[in-house]
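**Student:** Provided below: entry35.txt, containing compact mmCIF, C-alpha atoms.
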```
# COMPACT_ATOMS: atom_id res chain seq x y z
CA MET A 7 108.06 110.08 41.24
CA ALA A 8 105.21 110.09 43.73
CA GLN A 9 102.55 112.79 43.63
CA TYR A 10 102.75 115.31 46.42
CA HIS A 11 101.47 118.77 47.21
CA ILE A 12 103.53 121.76 46.21
CA TYR A 13 103.02 124.98 48.08
CA LYS A 14 104.30 128.05 46.28
CA ILE A 15 106.45 130.30 48.38
CA PHE A 16 105.51 133.91 47.80
CA ALA A 17 108.36 135.90 46.28
CA LYS A 18 106.97 139.27 47.41
CA VAL A 19 107.65 139.94 51.09
CA GLU A 20 104.43 141.93 51.54
CA LEU A 21 102.37 138.85 50.58
CA GLN A 22 104.10 136.57 53.05
CA LYS A 23 102.83 135.61 56.44
CA LYS A 24 105.40 135.77 59.22
CA ARG A 25 105.80 132.00 59.25
CA GLN A 26 106.78 132.03 55.57
CA HIS A 27 109.76 134.37 55.90
CA ALA A 28 111.95 131.59 57.27
CA ALA A 29 111.21 129.31 54.31
CA VAL A 30 111.68 132.08 51.74
CA ASN A 31 115.01 133.01 53.33
CA GLY A 32 116.05 129.36 53.17
CA ALA A 33 115.01 129.17 49.51
CA LYS A 34 117.06 132.28 48.72
CA SER A 35 120.06 130.76 50.49
CA ILE A 36 119.75 127.50 48.54
CA LEU A 37 119.50 129.55 45.32
CA ALA A 38 122.61 131.55 46.20
CA ASN A 39 124.64 128.45 47.14
CA TYR A 40 123.38 125.85 44.67
CA GLY A 41 121.63 127.71 41.85
CA VAL A 42 118.27 126.07 42.61
CA TYR A 43 115.23 127.91 44.01
CA PRO A 44 113.17 125.34 45.94
CA THR A 45 109.42 125.88 45.93
CA GLN A 46 108.33 122.90 48.00
CA LEU A 47 107.41 123.25 51.63
CA HIS A 48 107.62 119.99 53.47
CA ARG A 49 104.50 118.50 54.91
CA HIS A 50 103.70 118.38 58.55
CA ALA A 51 104.75 114.77 58.81
CA PRO A 52 107.54 112.84 60.49
CA TYR A 53 110.92 113.30 58.83
CA SER A 54 114.20 111.81 59.83
CA PHE A 55 117.36 113.84 60.10
CA LYS A 56 120.91 112.64 59.83
CA ARG A 57 122.70 114.21 62.77
CA ALA A 58 126.01 114.67 60.92
CA VAL A 59 124.26 116.45 58.03
CA PHE A 60 122.30 118.69 60.42
CA GLU A 61 125.49 119.56 62.31
CA GLN A 62 127.30 120.30 59.03
CA MET A 63 124.46 122.60 57.95
CA CYS A 64 124.53 124.38 61.32
CA GLN A 65 128.29 124.91 60.95
CA GLU A 66 127.80 126.45 57.50
CA TYR A 67 124.96 128.66 58.73
CA GLN A 68 126.35 129.58 62.16
CA GLN A 69 125.47 133.27 62.12
CA GLU A 70 121.97 132.68 60.71
CA LEU A 71 121.37 130.00 63.34
CA LEU A 72 122.45 132.34 66.14
CA ASP A 73 120.31 135.17 64.79
CA THR A 74 117.26 132.90 64.53
CA ARG A 75 117.80 131.51 68.03
CA ARG A 76 118.22 134.97 69.52
CA ALA A 77 115.02 136.34 68.00
CA ARG A 78 112.34 136.49 70.64
CA PHE A 79 109.62 136.31 67.99
CA ARG A 80 109.60 135.30 64.35
CA SER A 81 111.27 137.87 62.16
CA GLU A 82 111.82 138.59 58.48
CA THR A 83 115.42 137.37 58.79
CA ASP A 84 114.72 133.92 60.31
CA LEU A 85 115.68 130.65 58.68
CA SER A 86 113.63 127.52 59.16
CA PHE A 87 116.39 124.99 59.78
CA ALA A 88 114.45 121.84 60.61
CA SER A 89 111.29 122.19 58.54
CA PHE A 90 112.70 123.68 55.34
CA LEU A 91 116.42 124.35 54.99
CA TYR A 92 117.68 120.93 56.11
CA HIS A 93 115.82 118.98 53.45
CA HIS A 94 116.86 121.19 50.56
CA TYR A 95 120.40 121.50 51.90
CA ALA A 96 120.78 117.72 52.17
CA LEU A 97 119.27 117.15 48.71
CA ASN A 98 121.56 119.69 47.06
CA LYS A 99 124.62 118.32 48.86
CA GLN A 100 123.54 114.83 47.72
CA LEU A 101 123.51 113.68 51.34
CA CYS A 102 119.99 112.26 51.28
CA ILE A 103 117.43 110.78 48.95
CA GLU A 104 113.98 112.15 48.21
CA ARG A 105 111.06 110.06 49.46
CA ASN A 106 107.44 111.13 49.54
CA ASP A 107 104.55 109.46 51.27
CA GLU A 108 100.82 109.99 51.54
CA ALA A 109 100.30 112.62 54.22
CA MET A 110 97.96 115.52 54.91
CA ILE A 111 97.62 118.68 56.95
CA VAL A 112 94.15 118.63 58.51
CA ARG A 113 92.85 122.15 59.01
CA ASN A 114 89.56 123.79 59.83
CA THR A 115 89.03 124.10 56.07
CA ASN A 116 89.25 120.38 55.21
CA PHE A 117 88.56 118.37 58.37
CA GLY A 118 84.99 117.49 57.34
CA ARG A 119 86.12 115.77 54.13
CA PHE A 120 89.05 114.16 55.98
CA GLU A 121 86.71 112.58 58.53
CA LYS A 122 83.77 111.78 56.22
CA LYS A 123 85.96 110.00 53.65
CA LYS A 124 88.05 108.37 56.40
CA MET A 125 91.16 109.65 54.68
CA PHE A 126 93.22 108.91 57.80
CA LEU A 127 92.95 105.21 56.93
CA LYS A 128 94.82 105.72 53.65
CA MET A 129 97.84 107.61 54.89
CA ASN A 130 100.83 106.91 57.06
CA SER A 131 100.79 110.31 58.68
CA PHE A 132 98.70 113.42 59.06
CA CYS A 133 98.91 116.58 61.12
CA VAL A 134 95.88 118.09 62.84
CA ASN A 135 97.01 121.69 62.56
CA ASP A 136 95.88 124.84 64.33
CA GLY A 137 96.52 128.12 62.61
CA ASP A 138 95.02 131.27 61.16
CA GLY A 139 92.36 131.49 63.88
CA SER A 140 91.20 127.86 63.73
CA ALA A 141 91.09 127.71 67.55
CA LEU A 142 88.00 129.93 67.33
CA ASP A 143 86.22 127.52 64.97
CA GLU A 144 83.93 125.58 67.33
CA LYS A 145 83.27 122.76 64.85
CA PHE A 146 86.98 122.24 64.31
CA VAL A 147 87.68 122.34 68.04
CA GLN A 148 85.02 119.67 68.60
CA PHE A 149 86.36 117.57 65.71
CA LYS A 150 89.88 117.64 67.16
CA LYS A 151 88.71 116.59 70.59
CA ASN A 152 86.43 113.79 69.39
CA PHE A 153 88.62 112.52 66.57
CA LEU A 154 91.81 112.38 68.57
CA MET A 155 90.07 110.71 71.51
CA ARG A 156 88.67 108.01 69.21
CA LEU A 157 91.93 107.50 67.37
CA PHE A 158 94.22 107.53 70.38
CA LEU A 159 92.45 105.66 73.13
CA PHE A 160 95.23 106.39 75.63
CA LEU A 161 94.13 110.04 75.60
CA LYS A 162 90.77 109.01 77.09
CA ALA A 163 92.50 107.28 79.97
CA GLU A 164 94.66 110.36 80.66
CA VAL A 165 91.65 112.70 80.65
CA LYS A 166 89.81 110.52 83.17
CA SER A 167 92.83 110.38 85.51
```
Would you encode the structure as structure tokens?

**Tutor:**
Amino acid sequence: MAQYHIYKIFAKVELQKKRQHAAVNGAKSILANYGVYPTQLHRHAPYSFKRAVFEQMCQEYQQELLDTRRARFRSETDLSFASFLYHHYALNKQLCIERNDEAMIVRNTNFGRFEKKKMFLKMNSFCVNDGDGSALDEKFVQFKKNFLMRLFLFLKAEVKS
């Protein structure tokens, strides 16, 4: 099995950030339905979905889906259908196979190492991620602008237009 990062999902609600409630709720649902408590958050990387499996999951979780869609803002009752529940649902239903690849979330806490070691050359995907106030980090803001312009030359052309 390939090595990959495991992010622990906090069991205590008071320790969770709002964005984590949806994953914790999904984990509790998987535990209730399949007897397994998943502790792996999926990386910010491209994942494929099988439409029939996604539709089946949405049928089984109709009320939760409606409640999540109706919420104007994230709430403690949300479920994260695409980024958490789907993957664990499909695995436990034996409707998919597990596959892990080299990927990374690039944040204001690790972008220097990411760029200096040219880690982007070794992975198939990475996510330059804003969060937890990173938009106020001037060095990170400059890194994003410069790095993405160098990596994706078409962005330069669009900026000049």

**Student:** Report as CSV the residues of range 56-93 of chain A within 10 Å of range 102-116 of chain A, each with its shortest atom pair and distance in Å (one decimal), using all atoms listed in the file, ordered by chain and increasing residue number.

**Tutor:**
```
residue,atom,partner,partner_atom,distance
A:Lys56,CA,A:Cys102,CA,8.6
A:Val59,CA,A:Cys102,CA,9.0
A:His93,CA,A:Cys102,CA,8.2
```

**Student:** Between A:Tyr95, A:Phe146, A:Phe79, A:Phe153, which one has atoms that come closest to Ala38 in chain A, using only C-alpha atoms?

**Tutor:** A:Tyr95

**Student:** Given the choices A:Lys99, A:Lys145, A:Lys151, A:Lys124, which gets closest to Ile36 in chain A if the distance is worked out from only C-alpha atoms?

**Tutor:** A:Lys99

**Student:** Go ahead and compute the interatomic distance for CA of Thr74 in chain A and CA of Ala28 in chain A, in Å to one decimal.

**Tutor:**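 Answer for the CA of Thr74 in chain A to CA of Ala28 in chain A separation: 9.1 Å.
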
**Student:** Which residue is closest to Ala29 in chain A? Choose from A:Ala141, A:Met129, A:Leu91, A:Leu71 and count only C-alpha atoms.

**Tutor:**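 Among the listed residues, the smallest separation from Ala29 in chain A belongs to A:Leu91.
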
**Student:** Just how far from CA of Ser89 in chain A is CA of Lys122 in chain A, in Å to one decimal?

**Tutor:**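 So the two atoms, CA of Lys122 in chain A and CA of Ser89 in chain A, lie 29.5 Å apart.
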
**Student:** Using all atoms listed in the file, which of A:Asn98, A:Asn31, A:Thr83, A:Gln46 sits nearest Met63 in chain A?

**Tutor:** A:Asn98

**Student:** Identify which of the residues A:Tyr40, A:Phe149, A:Asp84, A:Leu72 lies closest to Arg119 in chain A, counting all atoms listed in the file when measuring atom-to-atom distances.

**Tutor:** A:Phe149

**Student:** Can you list, as a CSV table (one decimal) with C-alpha atoms, keeping the file's coordinate frame, every protein, DNA or RNA residue that comes within 12 Å of Arg57 in chain A when you count all atoms listed in the file, leaving out same-chain residues fewer than 5 positions away?

**Tutor:**
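Output saved as part-v6.csv:
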```csv
chain,number,residue,atom,x,y,z
A,62,GLN,CA,127.3,120.3,59.0
A,63,MET,CA,124.5,122.6,58.0
A,64,CYS,CA,124.5,124.4,61.3
A,88,ALA,CA,114.4,121.8,60.6
A,92,TYR,CA,117.7,120.9,56.1
A,96,ALA,CA,120.8,117.7,52.2
A,101,LEU,CA,123.5,113.7,51.3
A,102,CYS,CA,120.0,112.3,51.3
```

**Student:** For CA of Leu154 in chain A and CA of Tyr53 in chain A, determine how far apart the two atoms are, in Å to one decimal place.

**Tutor:** 21.5 Å

**Student:** Which residue is closest to Glu82 in chain A? Choose from A:Lys34, A:His48, A:His27, A:Lys150 and count all atoms listed in the file.

**Tutor:**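 Of the candidates, the smallest distance to Glu82 in chain A is held by A:His27.
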
**Student:** Would you mind completing range 123-146 of chain A so that it carries N, CA and C atoms, and writing it out as a PDB file, in the frame of the given file?

**Tutor:**
```pdb
ATOM      1  N   LYS A 123      85.387 110.971  54.595  1.00  0.00           N
ATOM      2  CA  LYS A 123      85.960 110.000  53.650  1.00  0.00           C
ATOM      3  C   LYS A 123      86.968 109.065  54.314  1.00  0.00           C
ATOM      4  N   LYS A 124      87.119 109.213  55.628  1.00  0.00           N
ATOM      5  CA  LYS A 124      88.050 108.370  56.400  1.00  0.00           C
ATOM      6  C   LYS A 124      89.434 108.354  55.748  1.00  0.00           C
ATOM      7  N   MET A 125      89.881 109.523  55.367  1.00  0.00           N
ATOM      8  CA  MET A 125      91.160 109.650  54.680  1.00  0.00           C
ATOM      9  C   MET A 125      92.339 109.227  55.555  1.00  0.00           C
ATOM     10  N   PHE A 126      92.167 109.298  56.857  1.00  0.00           N
ATOM     11  CA  PHE A 126      93.220 108.910  57.800  1.00  0.00           C
ATOM     12  C   PHE A 126      93.572 107.431  57.670  1.00  0.00           C
ATOM     13  N   LEU A 127      92.674 106.634  57.106  1.00  0.00           N
ATOM     14  CA  LEU A 127      92.950 105.210  56.930  1.00  0.00           C
ATOM     15  C   LEU A 127      93.895 104.944  55.758  1.00  0.00           C
ATOM     16  N   LYS A 128      94.019 105.897  54.858  1.00  0.00           N
ATOM     17  CA  LYS A 128      94.820 105.720  53.650  1.00  0.00           C
ATOM     18  C   LYS A 128      96.218 106.294  53.745  1.00  0.00           C
ATOM     19  N   MET A 129      96.539 106.956  54.827  1.00  0.00           N
ATOM     20  CA  MET A 129      97.840 107.610  54.890  1.00  0.00           C
ATOM     21  C   MET A 129      98.637 107.176  56.109  1.00  0.00           C
ATOM     22  N   ASN A 130      99.941 107.283  55.958  1.00  0.00           N
ATOM     23  CA  ASN A 130     100.830 106.910  57.060  1.00  0.00           C
ATOM     24  C   ASN A 130     100.953 107.993  58.104  1.00  0.00           C
ATOM     25  N   SER A 131     100.702 109.231  57.701  1.00  0.00           N
ATOM     26  CA  SER A 131     100.790 110.310  58.680  1.00  0.00           C
ATOM     27  C   SER A 131      99.892 111.467  58.270  1.00  0.00           C
ATOM     28  N   PHE A 132      99.466 112.204  59.274  1.00  0.00           N
ATOM     29  CA  PHE A 132      98.700 113.420  59.060  1.00  0.00           C
ATOM     30  C   PHE A 132      98.960 114.324  60.254  1.00  0.00           C
ATOM     31  N   CYS A 133      98.703 115.589  60.055  1.00  0.00           N
ATOM     32  CA  CYS A 133      98.910 116.580  61.120  1.00  0.00           C
ATOM     33  C   CYS A 133      97.612 117.348  61.308  1.00  0.00           C
ATOM     34  N   VAL A 134      97.048 117.275  62.504  1.00  0.00           N
ATOM     35  CA  VAL A 134      95.880 118.090  62.840  1.00  0.00           C
ATOM     36  C   VAL A 134      96.461 119.434  63.280  1.00  0.00           C
ATOM     37  N   ASN A 135      96.261 120.446  62.448  1.00  0.00           N
ATOM     38  CA  ASN A 135      97.010 121.690  62.560  1.00  0.00           C
ATOM     39  C   ASN A 135      96.129 122.869  62.926  1.00  0.00           C
ATOM     40  N   ASP A 136      96.527 123.587  63.967  1.00  0.00           N
ATOM     41  CA  ASP A 136      95.880 124.840  64.330  1.00  0.00           C
ATOM     42  C   ASP A 136      96.620 125.982  63.653  1.00  0.00           C
ATOM     43  N   GLY A 137      95.891 126.947  63.198  1.00  0.00           N
ATOM     44  CA  GLY A 137      96.520 128.120  62.610  1.00  0.00           C
ATOM     45  C   GLY A 137      95.482 129.035  62.007  1.00  0.00           C
ATOM     46  N   ASP A 138      95.881 130.280  61.797  1.00  0.00           N
ATOM     47  CA  ASP A 138      95.020 131.270  61.160  1.00  0.00           C
ATOM     48  C   ASP A 138      93.642 131.367  61.821  1.00  0.00           C
ATOM     49  N   GLY A 139      93.611 131.314  63.144  1.00  0.00           N
ATOM     50  CA  GLY A 139      92.360 131.490  63.880  1.00  0.00           C
ATOM     51  C   GLY A 139      91.503 130.255  64.026  1.00  0.00           C
ATOM     52  N   SER A 140      92.027 129.076  63.673  1.00  0.00           N
ATOM     53  CA  SER A 140      91.200 127.860  63.730  1.00  0.00           C
ATOM     54  C   SER A 140      90.768 127.507  65.152  1.00  0.00           C
ATOM     55  N   ALA A 141      91.471 127.996  66.157  1.00  0.00           N
ATOM     56  CA  ALA A 141      91.090 127.710  67.550  1.00  0.00           C
ATOM     57  C   ALA A 141      89.751 128.343  67.907  1.00  0.00           C
ATOM     58  N   LEU A 142      89.296 129.280  67.092  1.00  0.00           N
ATOM     59  CA  LEU A 142      88.000 129.930  67.330  1.00  0.00           C
ATOM     60  C   LEU A 142      86.871 129.242  66.563  1.00  0.00           C
ATOM     61  N   ASP A 143      87.208 128.260  65.758  1.00  0.00           N
ATOM     62  CA  ASP A 143      86.220 127.520  64.970  1.00  0.00           C
ATOM     63  C   ASP A 143      85.685 126.371  65.838  1.00  0.00           C
ATOM     64  N   GLU A 144      84.492 126.547  66.378  1.00  0.00           N
ATOM     65  CA  GLU A 144      83.930 125.580  67.330  1.00  0.00           C
ATOM     66  C   GLU A 144      83.811 124.170  66.736  1.00  0.00           C
ATOM     67  N   LYS A 145      83.398 124.080  65.481  1.00  0.00           N
ATOM     68  CA  LYS A 145      83.270 122.760  64.850  1.00  0.00           C
ATOM     69  C   LYS A 145      84.619 122.058  64.753  1.00  0.00           C
ATOM     70  N   PHE A 146      85.641 122.815  64.412  1.00  0.00           N
ATOM     71  CA  PHE A 146      86.980 122.240  64.310  1.00  0.00           C
ATOM     72  C   PHE A 146      87.504 121.833  65.685  1.00  0.00           C
TER      73      PHE A 146
END
```
